[in-house]
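Asks: Input structure: structure_7.cif, which contains mmCIF, C-alpha atoms.
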```
data_query
loop_
_atom_site.label_atom_id
_atom_site.label_comp_id
_atom_site.auth_asym_id
_atom_site.auth_seq_id
_atom_site.Cartn_x
_atom_site.Cartn_y
_atom_site.Cartn_z
CA MET A 69 7.37 26.84 11.25
CA ILE A 70 4.23 25.80 9.32
CA ILE A 71 6.24 24.12 6.55
CA LEU A 72 8.40 22.34 9.13
CA ILE A 73 5.34 20.97 10.97
CA LEU A 74 3.75 19.78 7.73
CA ALA A 75 7.02 18.22 6.51
CA ILE A 76 7.71 16.41 9.81
CA SER A 77 4.14 15.06 9.94
CA PHE A 78 4.40 13.93 6.33
CA ILE A 79 7.67 12.02 6.91
CA LEU A 80 6.50 10.69 10.28
CA GLU A 81 3.42 9.19 8.61
CA GLY A 82 5.67 7.14 6.33
CA ILE A 83 7.88 5.99 9.20
CA VAL A 84 4.98 5.03 11.49
CA SER A 85 3.42 3.08 8.59
CA LEU A 86 6.42 0.76 8.81
CA ILE A 87 5.73 -0.03 12.46
CA VAL A 88 1.95 -0.44 12.59
CA LYS A 89 0.45 -3.64 11.30
CA ASP A 90 -2.11 -3.78 8.53
CA GLY A 91 -5.55 -3.93 10.12
CA SER A 92 -4.33 -2.65 13.48
CA LEU A 93 -6.13 0.09 15.40
CA PHE A 94 -3.43 2.65 14.66
CA ILE A 95 -3.51 3.70 11.01
CA PRO A 96 -1.50 6.94 10.71
CA ILE A 97 -2.87 9.86 8.68
CA PHE A 98 -0.64 12.52 10.25
CA SER A 99 -0.43 14.71 7.13
CA ILE A 100 -4.12 15.60 7.10
CA ILE A 101 -4.12 15.96 10.92
CA SER A 102 -1.26 18.46 10.64
CA VAL A 103 -3.31 20.39 8.05
CA ALA A 104 -6.16 20.59 10.57
CA THR A 105 -3.91 21.58 13.48
CA VAL A 106 -1.88 24.34 11.79
CA TYR A 107 -4.94 26.36 10.69
CA PRO A 108 -4.71 28.88 13.58
CA LEU A 109 -1.15 29.73 12.50
CA PHE A 110 -2.46 31.16 9.21
CA LYS A 111 -4.35 33.89 11.08
CA GLU A 112 -7.44 33.87 8.85
CA ASN A 113 -5.43 33.90 5.59
CA LYS A 114 -7.65 31.25 4.01
CA THR A 115 -6.17 31.40 0.50
CA LYS A 116 -2.65 30.73 1.77
CA TYR A 117 -4.02 27.91 3.94
CA LEU A 118 -5.79 26.25 1.01
CA ILE A 119 -2.67 26.56 -1.19
CA TYR A 120 -0.54 24.85 1.49
CA SER A 121 -3.15 22.08 1.85
CA VAL A 122 -3.35 21.46 -1.90
CA SER A 123 0.46 21.37 -2.17
CA LEU A 124 0.72 18.83 0.63
CA GLY A 125 -2.03 16.75 -1.00
CA LEU A 126 -0.17 16.78 -4.31
CA LEU A 127 3.07 15.75 -2.60
CA TYR A 128 1.17 13.00 -0.77
CA ASP A 129 -0.17 11.68 -4.06
CA THR A 130 3.22 11.77 -5.73
CA VAL A 131 5.22 10.15 -2.93
CA TYR A 132 2.81 7.77 -1.24
CA THR A 133 -0.10 6.82 -3.46
CA ASN A 134 0.82 7.39 -7.14
CA THR A 135 -2.72 8.56 -7.77
CA PRO A 136 -2.32 12.25 -8.70
CA PHE A 137 -5.19 14.57 -7.76
CA THR A 138 -7.15 12.14 -5.55
CA ASN A 139 -5.53 13.28 -2.30
CA THR A 140 -5.07 16.78 -3.70
CA ILE A 141 -8.86 16.98 -3.98
CA SER A 142 -9.38 15.26 -0.60
CA PHE A 143 -6.91 17.60 1.15
CA LEU A 144 -8.54 20.64 -0.47
CA ALA A 145 -12.04 19.50 0.51
CA THR A 146 -10.93 18.75 4.08
CA ALA A 147 -9.13 22.11 4.38
CA PHE A 148 -12.29 23.84 3.13
CA ILE A 149 -14.37 22.05 5.78
CA ILE A 150 -11.83 23.09 8.44
CA THR A 151 -12.10 26.77 7.43
CA LEU A 152 -15.90 26.48 7.68
CA ILE A 153 -15.76 24.87 11.14
CA TYR A 154 -13.38 27.55 12.46
CA GLU A 155 -15.94 30.22 11.52
CA TYR A 156 -18.17 28.87 14.29
CA ILE A 157 -15.75 27.70 16.99
CA LYS A 158 -12.66 29.00 18.77
CA VAL A 159 -9.27 27.33 19.05
CA SER A 160 -8.97 25.22 22.21
CA LYS A 161 -7.76 21.76 23.20
CA PHE A 162 -11.30 20.38 23.32
CA ASN A 163 -12.25 21.90 19.97
CA ILE A 164 -9.07 20.54 18.35
CA LEU A 165 -10.16 17.12 19.55
CA LEU A 166 -13.58 17.58 17.93
CA ILE A 167 -12.09 18.94 14.70
CA ASP A 168 -9.65 16.03 14.50
CA ILE A 169 -12.53 13.55 14.77
CA VAL A 170 -14.54 15.37 12.09
CA VAL A 171 -11.45 15.63 9.84
CA ILE A 172 -10.58 11.93 10.19
CA LEU A 173 -14.14 10.81 9.45
CA PHE A 174 -14.58 13.24 6.56
CA TYR A 175 -11.16 12.66 4.96
CA GLN A 176 -11.34 8.86 5.12
CA SER A 177 -14.91 8.74 3.81
CA PHE A 178 -14.27 11.29 1.07
CA SER A 179 -11.03 9.58 -0.13
CA TYR A 180 -12.63 6.13 -0.15
CA LEU A 181 -15.76 7.25 -1.97
CA LEU A 182 -13.68 9.18 -4.51
CA LEU A 183 -11.52 6.11 -5.19
CA CYS A 184 -14.65 3.96 -5.53
CA ILE A 185 -16.26 6.45 -7.95
CA LEU A 186 -13.05 6.43 -9.99
CA ASN A 187 -13.15 2.62 -10.03
CA TYR A 188 -9.80 2.29 -8.21
CA CYS A 189 -11.37 0.00 -5.63
CA THR A 190 -14.74 -1.60 -4.99
CA PHE A 191 -16.86 -0.42 -2.07
CA ASN A 192 -16.83 -2.78 0.89
CA GLU A 193 -18.68 -1.71 4.06
CA THR A 194 -16.48 -3.78 6.37
CA THR A 195 -13.23 -2.38 4.98
CA PHE A 196 -14.69 1.12 5.12
CA ILE A 197 -15.88 0.91 8.74
CA VAL A 198 -12.73 -0.88 9.96
CA ASN A 199 -10.47 1.74 8.39
CA LEU A 200 -12.64 4.52 9.77
CA TYR A 201 -12.43 3.53 13.43
CA SER A 202 -8.84 2.28 13.06
CA SER A 203 -7.76 5.80 12.15
CA LEU A 204 -9.26 7.50 15.20
CA ILE A 205 -7.11 6.75 18.27
CA LEU A 206 -3.55 7.36 17.06
CA ASN A 207 -4.42 10.42 14.99
CA ILE A 208 -6.43 12.14 17.72
CA VAL A 209 -3.49 11.67 20.10
CA TYR A 210 -1.10 12.99 17.43
CA GLY A 211 -3.36 16.01 16.80
CA LEU A 212 -3.44 16.88 20.50
CA VAL A 213 0.33 16.47 20.93
CA LEU A 214 0.94 18.60 17.83
CA TYR A 215 -1.45 21.29 19.14
CA ILE A 216 0.33 21.40 22.51
CA ILE A 217 3.74 21.69 20.80
CA ILE A 218 2.48 24.49 18.52
CA GLU A 219 0.95 26.30 21.51
CA LEU A 220 4.24 26.08 23.45
CA LEU A 221 6.30 27.26 20.46
CA THR A 222 3.95 30.18 19.77
CA LYS A 223 4.10 31.29 23.42
CA LYS A 224 7.89 31.04 23.40
CA HIS A 225 8.08 33.18 20.25
CA LYS A 226 5.80 35.80 21.81
CA GLY A 227 7.89 35.72 25.01
CA LEU A 228 11.03 36.47 23.05
CA MET B 55 -32.06 40.58 -11.32
CA GLU B 56 -31.48 38.75 -14.63
CA LYS B 57 -27.73 39.56 -14.43
CA LYS B 58 -27.57 37.99 -10.97
CA GLY B 59 -29.27 34.84 -12.28
CA ASN B 60 -26.83 34.65 -15.21
CA LYS B 61 -23.83 35.00 -12.87
CA LYS B 62 -25.12 32.16 -10.71
CA ARG B 63 -25.57 29.99 -13.80
CA TYR B 64 -22.01 30.74 -14.95
CA ILE B 65 -20.63 29.83 -11.53
CA ILE B 66 -22.53 26.52 -11.44
CA LEU B 67 -21.43 25.77 -15.02
CA SER B 68 -17.77 26.55 -14.18
CA ILE B 69 -17.92 24.31 -11.09
CA LEU B 70 -19.42 21.47 -13.14
CA ILE B 71 -16.76 21.85 -15.89
CA CYS B 72 -14.00 21.91 -13.23
CA LEU B 73 -15.45 18.79 -11.58
CA ALA B 74 -15.67 16.96 -14.90
CA LEU B 75 -12.07 17.96 -15.72
CA VAL B 76 -10.84 16.78 -12.32
CA ILE B 77 -12.63 13.42 -12.69
CA VAL B 78 -11.25 12.89 -16.22
CA LEU B 79 -7.70 13.85 -15.13
CA THR B 80 -7.87 11.69 -12.01
CA THR B 81 -9.32 8.67 -13.81
CA ARG B 82 -6.47 8.88 -16.32
CA SER B 83 -3.83 9.35 -13.65
CA ILE B 84 -4.83 6.44 -11.38
CA LYS B 85 -4.62 3.86 -14.16
CA GLU B 86 -2.32 0.98 -13.28
CA GLY B 87 0.90 0.86 -15.25
CA ARG B 88 0.96 4.63 -15.84
CA ARG B 89 4.49 5.93 -16.41
CA LEU B 90 5.68 8.55 -13.92
CA ASN B 91 6.77 11.86 -15.46
CA PHE B 92 10.13 13.56 -14.79
CA PHE B 93 8.86 15.75 -11.93
CA GLU B 94 7.08 12.87 -10.21
CA LYS B 95 10.23 10.75 -10.42
CA ALA B 96 12.42 13.56 -9.05
CA ILE B 97 10.07 14.35 -6.13
CA LYS B 98 9.57 10.68 -5.29
CA ASP B 99 13.27 9.84 -5.41
CA SER B 100 14.35 12.77 -3.23
CA THR B 101 11.56 12.34 -0.66
CA THR B 102 12.05 8.58 -0.44
CA PHE B 103 15.79 9.15 0.06
CA ILE B 104 15.08 11.46 3.02
CA MET B 105 12.53 9.02 4.43
CA ASP B 106 14.90 6.11 4.02
CA ILE B 107 17.48 7.93 6.18
CA ALA B 108 14.88 9.13 8.71
CA SER B 109 13.44 5.63 9.12
CA LYS B 110 16.83 3.94 9.71
CA PRO B 111 16.66 4.16 13.57
CA VAL B 112 13.13 2.72 13.53
CA LYS B 113 14.25 -0.11 11.27
CA ILE B 114 17.23 -0.89 13.54
CA VAL B 115 15.00 -1.06 16.65
CA LYS B 116 12.43 -3.18 14.78
CA LYS B 117 15.16 -5.52 13.57
CA GLN B 118 16.55 -5.82 17.12
CA ILE B 119 13.12 -6.71 18.55
CA SER B 120 12.49 -9.23 15.80
CA GLU B 121 15.97 -10.77 16.34
CA ASN B 122 15.30 -11.15 20.07
CA ASN B 123 12.01 -12.90 19.33
CA GLU B 124 13.76 -15.15 16.86
CA LYS B 125 16.43 -16.08 19.40
CA ASN B 126 13.78 -17.44 21.74
CA LYS B 127 12.49 -19.78 19.04
CA MET B 128 15.93 -20.70 17.82
CA TYR B 129 16.79 -23.70 20.01
CA LYS B 130 13.68 -25.64 19.01
CA GLU B 131 14.30 -24.81 15.37
CA TYR B 132 17.96 -25.81 15.72
CA LYS B 133 17.04 -29.35 16.76
CA LYS B 134 14.69 -29.74 13.80
CA LEU B 135 17.16 -28.23 11.35
CA LYS B 136 20.03 -30.40 12.53
CA ASN B 137 18.23 -33.45 11.21
CA LYS B 138 17.35 -31.74 7.96
CA ALA B 139 20.91 -30.44 7.46
CA GLU B 140 22.25 -33.96 7.44
CA LYS B 141 19.97 -34.75 4.52
CA SER B 142 20.68 -31.48 2.70
CA LYS B 143 23.92 -32.69 1.09
CA VAL B 144 21.99 -35.43 -0.63
CA TYR B 145 19.41 -32.88 -1.89
CA GLU B 146 22.16 -30.48 -2.97
CA ALA B 147 23.77 -33.11 -5.15
CA ARG B 148 20.37 -34.03 -6.57
CA ILE B 149 19.55 -30.37 -7.37
CA LYS B 150 22.90 -29.91 -9.14
CA GLU B 151 22.25 -33.02 -11.16
CA LEU B 152 18.75 -31.83 -12.10
CA GLU B 153 19.98 -28.32 -12.97
CA LYS B 154 22.57 -29.84 -15.28
CA GLU B 155 19.92 -32.01 -16.83
CA ILE B 156 17.65 -28.97 -17.40
CA ASP B 157 20.53 -27.03 -19.00
CA ASP B 158 21.32 -29.95 -21.28
CA LEU B 159 17.67 -30.29 -22.28
CA LYS B 160 17.38 -26.54 -22.92
CA GLU B 161 20.45 -26.70 -25.11
CA ALA B 162 19.05 -29.66 -26.97
CA LEU B 163 15.72 -27.88 -27.51
CA ASP B 164 17.42 -24.54 -28.25
CA LEU B 165 15.50 -22.73 -25.46
CA SER B 166 16.97 -19.44 -24.22
CA ASP B 167 14.72 -19.14 -21.18
CA THR B 168 11.78 -20.88 -19.56
CA ILE B 169 8.85 -19.85 -17.41
CA THR B 170 10.78 -20.68 -14.24
CA ASP B 171 13.79 -18.45 -15.06
CA TYR B 172 14.28 -15.09 -13.37
CA LYS B 173 16.87 -12.76 -11.91
CA GLU B 174 16.39 -11.58 -8.30
CA ILE B 175 16.69 -7.95 -7.18
CA ASN B 176 16.55 -7.45 -3.40
CA ALA B 177 15.12 -4.24 -1.93
CA GLU B 178 14.10 -2.72 1.40
CA VAL B 179 10.60 -1.38 2.20
CA VAL B 180 10.68 2.39 2.79
CA ASN B 181 7.03 2.91 3.71
CA ARG B 182 3.76 1.02 3.43
CA ASN B 183 0.06 1.19 4.00
CA VAL B 184 -0.01 4.99 3.88
CA GLY B 185 -3.57 5.71 2.90
CA ALA B 186 -5.37 2.60 4.02
CA TRP B 187 -7.19 1.99 0.73
CA TYR B 188 -4.21 1.72 -1.55
CA ASN B 189 -2.54 -1.56 -0.45
CA THR B 190 0.82 -0.50 -1.82
CA LEU B 191 4.32 -0.24 -0.45
CA ASN B 192 7.35 1.70 -1.64
CA ILE B 193 10.77 0.06 -1.96
CA ASN B 194 14.22 1.63 -2.22
CA LYS B 195 15.19 0.28 -5.67
CA GLY B 196 14.05 1.63 -9.02
CA SER B 197 14.80 1.61 -12.72
CA LYS B 198 18.53 2.19 -12.07
CA SER B 199 18.60 -1.25 -10.41
CA GLY B 200 16.79 -2.84 -13.35
CA ILE B 201 13.25 -2.80 -11.96
CA LYS B 202 10.43 -2.34 -14.46
CA GLU B 203 6.63 -2.01 -14.20
CA GLY B 204 4.83 -5.33 -13.98
CA MET B 205 7.62 -7.36 -12.35
CA ALA B 206 6.56 -9.89 -9.70
CA VAL B 207 7.53 -9.25 -6.07
CA ILE B 208 8.10 -11.96 -3.47
CA VAL B 209 9.33 -12.36 0.11
CA ASN B 210 11.02 -15.49 1.42
CA LYS B 211 7.63 -17.13 2.07
CA GLY B 212 6.01 -16.44 -1.30
CA LEU B 213 4.34 -14.03 -3.69
CA ILE B 214 3.19 -10.61 -2.41
CA GLY B 215 2.37 -8.55 -5.52
CA LYS B 216 3.77 -6.73 -8.52
CA VAL B 217 5.53 -3.47 -9.34
CA ILE B 218 3.09 -0.80 -10.60
CA ASN B 219 5.25 2.34 -10.70
CA VAL B 220 8.97 2.88 -11.07
CA SER B 221 11.13 5.98 -10.62
CA ASN B 222 14.93 6.06 -10.81
CA PHE B 223 15.59 4.95 -7.23
CA THR B 224 12.19 3.81 -5.89
CA SER B 225 9.31 1.58 -6.94
CA THR B 226 5.73 1.06 -5.80
CA VAL B 227 4.45 -2.46 -5.24
CA LYS B 228 0.73 -3.28 -5.39
CA LEU B 229 0.02 -5.99 -2.82
CA LEU B 230 -2.18 -9.02 -3.42
CA SER B 231 -4.05 -8.15 -0.22
CA THR B 232 -6.53 -6.11 -2.28
CA ASP B 233 -10.27 -6.89 -2.17
CA GLU B 234 -10.62 -7.27 -5.91
CA LEU B 235 -7.50 -8.07 -7.91
CA SER B 236 -7.53 -5.98 -11.09
CA ASN B 237 -5.42 -8.55 -12.93
CA LYS B 238 -6.31 -12.15 -12.15
CA ILE B 239 -3.36 -14.44 -11.50
CA SER B 240 -3.09 -17.85 -13.11
CA VAL B 241 -2.30 -20.44 -10.42
CA LYS B 242 -2.15 -24.21 -10.09
CA ILE B 243 -3.06 -26.37 -7.13
CA GLU B 244 -0.51 -29.15 -6.78
CA GLN B 245 -2.08 -32.56 -6.22
CA ASP B 246 -0.25 -35.89 -5.91
CA ASP B 247 0.11 -36.69 -9.57
CA LYS B 248 -1.37 -33.70 -11.40
CA SER B 249 -2.10 -30.00 -11.09
CA VAL B 250 -5.48 -28.25 -11.08
CA TYR B 251 -5.46 -24.86 -12.79
CA GLY B 252 -7.48 -21.79 -11.75
CA LEU B 253 -7.49 -18.01 -11.38
CA LEU B 254 -6.72 -16.10 -8.20
CA THR B 255 -9.49 -13.49 -8.26
CA SER B 256 -9.79 -11.80 -4.87
CA TYR B 257 -8.58 -11.49 -1.30
CA ASN B 258 -10.77 -11.44 1.81
CA LYS B 259 -9.08 -9.24 4.39
CA LYS B 260 -11.38 -10.28 7.24
CA LYS B 261 -10.78 -14.02 6.76
CA ASN B 262 -7.22 -13.57 5.39
CA ILE B 263 -7.86 -15.83 2.40
CA TYR B 264 -7.48 -15.69 -1.36
CA LEU B 265 -10.23 -17.04 -3.60
CA ILE B 266 -9.47 -19.20 -6.64
CA GLU B 267 -12.18 -19.42 -9.30
CA GLY B 268 -12.43 -20.90 -12.79
CA ILE B 269 -11.18 -24.31 -11.65
CA SER B 270 -10.14 -26.27 -14.72
CA ASP B 271 -11.48 -29.77 -13.95
CA ASN B 272 -13.28 -31.95 -11.43
CA THR B 273 -10.24 -33.47 -9.72
CA GLU B 274 -10.64 -33.73 -5.97
CA ILE B 275 -8.71 -30.95 -4.18
CA LYS B 276 -7.25 -31.80 -0.81
CA ASN B 277 -6.99 -29.26 2.01
CA GLY B 278 -3.38 -28.25 2.64
CA SER B 279 -2.35 -28.61 -1.03
CA ARG B 280 0.25 -26.10 -2.23
CA VAL B 281 -0.86 -23.30 -4.56
CA VAL B 282 1.80 -21.89 -6.90
CA THR B 283 1.90 -19.62 -9.94
CA THR B 284 1.71 -21.25 -13.36
CA GLY B 285 3.96 -18.87 -15.28
CA LEU B 286 1.25 -18.54 -17.94
CA SER B 287 1.55 -14.75 -17.99
CA GLU B 288 4.29 -12.26 -18.66
CA VAL B 289 4.37 -11.13 -15.01
CA PHE B 290 4.70 -14.08 -12.66
CA PRO B 291 7.29 -16.85 -13.19
CA SER B 292 6.20 -20.43 -12.62
CA GLY B 293 6.44 -22.16 -9.24
CA ILE B 294 6.21 -19.14 -6.90
CA LEU B 295 4.39 -20.17 -3.73
CA VAL B 296 1.05 -18.37 -3.16
CA GLY B 297 -0.41 -20.34 -0.25
CA GLU B 298 -2.13 -23.51 0.89
CA VAL B 299 -5.69 -24.72 0.22
CA LYS B 300 -7.93 -24.05 3.22
CA SER B 301 -11.24 -25.34 1.89
CA VAL B 302 -13.22 -25.96 -1.26
CA THR B 303 -16.48 -24.02 -1.59
CA LYS B 304 -18.83 -22.68 -4.27
CA ASP B 305 -18.43 -19.36 -6.10
CA LYS B 306 -20.76 -16.41 -5.41
CA TYR B 307 -23.28 -17.65 -8.01
CA ASP B 308 -23.29 -21.12 -6.38
CA LEU B 309 -22.52 -22.67 -9.76
CA ALA B 310 -18.83 -23.57 -9.95
CA ARG B 311 -16.20 -24.67 -7.47
CA ALA B 312 -14.11 -22.05 -5.69
CA VAL B 313 -11.09 -22.68 -3.50
CA GLU B 314 -10.17 -20.71 -0.40
CA VAL B 315 -6.43 -20.36 0.03
CA THR B 316 -4.48 -19.26 3.11
CA PRO B 317 -1.65 -16.93 1.97
CA SER B 318 1.85 -18.19 2.69
CA VAL B 319 2.89 -14.59 3.40
CA ASP B 320 2.20 -12.45 6.45
CA PHE B 321 1.25 -9.11 4.86
CA ASP B 322 1.78 -7.34 8.19
CA ASP B 323 5.45 -8.15 8.32
CA ILE B 324 7.16 -7.18 5.08
CA ASN B 325 10.57 -5.52 5.41
CA ILE B 326 12.77 -7.00 2.70
CA VAL B 327 11.39 -7.96 -0.71
CA THR B 328 12.74 -9.56 -3.88
CA VAL B 329 11.73 -8.34 -7.31
CA LEU B 330 11.79 -11.00 -10.03
CA ASP B 331 13.04 -10.03 -13.47
CA ARG B 332 11.90 -12.75 -15.90
CA ASN B 333 13.70 -11.37 -18.92
CA SER B 334 17.21 -10.93 -17.57
CA LYS B 335 18.48 -14.43 -17.05
#
```
Write out the structure in this file as structure tokens.
Replies:
Amino acid sequence: MIILILAISFILEGIVSLIVKDGSLFIPIFSIISVATVYPLFKENKTKYLIYSVSLGLLYDTVYTNTPFTNTISFLATAFIITLIYEYIKVSKFNILLIDIVVILFYQSFSYLLLCILNYCTFNETTFIVNLYSSLILNIVYGLVLYIIIELLTKKHKGL
Amino acid sequence: MEKKGNKKRYIILSILICLALVIVLTTRSIKEGRRLNFFEKAIKDSTTFIMDIASKPVKIVKKQISENNEKNKMYKEYKKLKNKAEKSKVYEARIKELEKEIDDLKEALDLSDTITDYKEINAEVVNRNVGAWYNTLNINKGSKSGIKEGMAVIVNKGLIGKVINVSNFTSTVKLLSTDELSNKISVKIEQDDKSVYGLLTSYNKKKNIYLIEGISDNTEIKNGSRVVTTGLSEVFPSGILVGEVKSVTKDKYDLARAVEVTPSVDFDDINIVTVLDRNSK
């Protein structure tokens, strides 16, 4: 189920990117949101979780960005932050909302700064801030919907 | 106690070496024009194929909506075009005459190709703008269709960028809507009787304008003048529309003239693109 969720989110990100306009308020980053949302399914197996995150990051780099290791590093760093956060909070709808916000802000800032350090792009505060708040709405909604679906599926499995 | 201190030092040293390695590897890998390896090509081709199929329904709906919008504008356009169509036969004959003249002149000068020659390869956009910082889009044609790194990419309204990576069945296009263009583009501003040459250096996302610097002379530049590529590079053929002059200002050092140009292309609405192969004609 985990692989399916990650794969669907990954493909959905590409499809939604075709619909949303550049500079709109709905920039999709569903792959990293799915990484944040599936953590409870790993039942504290952090190593396995980090391996899945790194693999998705590598695939993301290969398919979408052609910049090997930048998103691999960003996904790994974000996944590490998620494991740290989950040591202090429990899984709930409200907490997922908070984690999604932290993940979006951290991932976007980390990726942008990494690309700037590597001289791939030049730092521009306006671009940075616009992309930061443009990523919030759609991805928080996606994170919540994904969490509800996972919750329903898990309950159904237990019921069987 | 000393052992513990040594262990800590080793860990810090290992982390630093790993970090340095990662930065070196990443810096090498994000270079423009890097060739994709076999595994990258295979993964990219197969995933893009799946995504191309999965995105078909979305594309159909998008096309339908866009067609409906077009229909509403159509009647007004029809009236305008009717007048133009009557004149088009005259232009057609003139173009044929000019083409023949060019061919004759080329033959006389023994020229195999010129800076305006290119072959067109049409492709569909599979995904775009994933990862907001990258300003790239992926198309569903690759090296098997004759696409190579560095080729110019246009839409029906003008230039949008160039191919930076190619796999067998997909390619990645770097858009011109990037803050700082890594490779400056040689352009000319068409005036009544002469052209003013300059370099397209950057794009301002907020204002939606390109900036032309390094203006060649002091000729007066009128607002609304057409800006096209010069063909003075291996990438972009001559005469590809880039945009229209919006205003003439000063560069960031307040020393030389700079020209603000409104792009002819809407970067938000790119579905079908054409890759230009300069060497095939």
Asks: Quick check on the file I pasted: which residues fall under the PyMOL selection byres ((chain B) within 9 of (chain A))? Write them as an NGL selection string.
Replies: :B and (76-77 or 79-81 or 83-85 or 90 or 94-95 or 97-99 or 101-102 or 104-106 or 108-109 or 112-113 or 116 or 179-188 or 190-192 or 219 or 226 or 232-234 or 236 or 259-260 or 321-325)
Asks: Given the file above and the PyMOL selection byres ((chain B and resi 247-251) around 12), which residues are selected, and can you give them as a short mmCIF file (atom, residue, chain, number, x, y, z; two decimals) with C-alpha atoms, in the coordinates of the input?
Replies:
```
data_model
loop_
_atom_site.label_atom_id
_atom_site.label_comp_id
_atom_site.auth_asym_id
_atom_site.auth_seq_id
_atom_site.Cartn_x
_atom_site.Cartn_y
_atom_site.Cartn_z
CA ILE B 239 -3.36 -14.44 -11.50
CA SER B 240 -3.09 -17.85 -13.11
CA VAL B 241 -2.30 -20.44 -10.42
CA LYS B 242 -2.15 -24.21 -10.09
CA ILE B 243 -3.06 -26.37 -7.13
CA GLU B 244 -0.51 -29.15 -6.78
CA GLN B 245 -2.08 -32.56 -6.22
CA ASP B 246 -0.25 -35.89 -5.91
CA GLY B 252 -7.48 -21.79 -11.75
CA LEU B 253 -7.49 -18.01 -11.38
CA LEU B 254 -6.72 -16.10 -8.20
CA ILE B 266 -9.47 -19.20 -6.64
CA GLU B 267 -12.18 -19.42 -9.30
CA GLY B 268 -12.43 -20.90 -12.79
CA ILE B 269 -11.18 -24.31 -11.65
CA SER B 270 -10.14 -26.27 -14.72
CA ASP B 271 -11.48 -29.77 -13.95
CA ASN B 272 -13.28 -31.95 -11.43
CA THR B 273 -10.24 -33.47 -9.72
CA GLU B 274 -10.64 -33.73 -5.97
CA ILE B 275 -8.71 -30.95 -4.18
CA LYS B 276 -7.25 -31.80 -0.81
CA SER B 279 -2.35 -28.61 -1.03
CA ARG B 280 0.25 -26.10 -2.23
CA VAL B 281 -0.86 -23.30 -4.56
CA VAL B 282 1.80 -21.89 -6.90
CA THR B 283 1.90 -19.62 -9.94
CA THR B 284 1.71 -21.25 -13.36
CA GLY B 285 3.96 -18.87 -15.28
CA LEU B 286 1.25 -18.54 -17.94
CA GLY B 293 6.44 -22.16 -9.24
CA VAL B 299 -5.69 -24.72 0.22
CA ARG B 311 -16.20 -24.67 -7.47
CA ALA B 312 -14.11 -22.05 -5.69
CA VAL B 313 -11.09 -22.68 -3.50
#
```
Asks: Please report the interatomic distance between atom CA of Gln118 of chain B and atom CA of Gly196 of chain B in Å with one decimal.
Replies: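 That distance, rounded to one decimal, is 27.3 Å.
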Asks: Please report the interatomic distance between atom CA of Phe92 of chain B and atom CA of Tyr175 of chain A in Å with one decimal.
Replies: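 Going from atom CA of Phe92 of chain B over to atom CA of Tyr175 of chain A, I get 29.1 Å.
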Asks: Between atom CA of Leu213 of chain B and atom CA of Asp305 of chain B, what distance in Å does the model show, to one decimal?
Replies: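 Taking atom CA of Leu213 of chain B as the start and atom CA of Asp305 of chain B as the end point, the length is 23.5 Å.
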Asks: For the provided coordinates, the residues matched by the PyMOL selection byres ((chain A and resi 144) around 9) should be stated as a PyMOL selection string.
Replies: chain A and resi 118-119+121-122+125+139-143+145-149
Asks: Show me, as a list in words, the residues that have an atom within 8 Å of Ile70 of chain A when counting all atoms listed in the file, minus same-chain residues fewer than 3 positions from it.
Replies: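 My list of contacting residues is Ile73, Leu74, Val106 and Leu109 of chain A.
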Asks: Pick out the closest residue to Ile205 of chain A from this set: A:Ile76, A:Ile71, A:Leu152, A:Ile169. Count only C-alpha atoms.
Replies: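 Closest candidate: A:Ile169.
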Asks: Considering only C-alpha atoms, can you say which of B:Ser256, B:Asp331, B:Ile214, B:Phe223 comes closest to Ile294 of chain B?
Replies: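 Answer, going by the shortest atom-to-atom distance: B:Ile214.
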Asks: Which of these residues is nearest to Lys195 of chain B, using only C-alpha atoms: B:Val327, B:Leu230, B:Val144, B:Ala139?
Replies: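 Selected residue with least distance to Lys195 of chain B: B:Val327.
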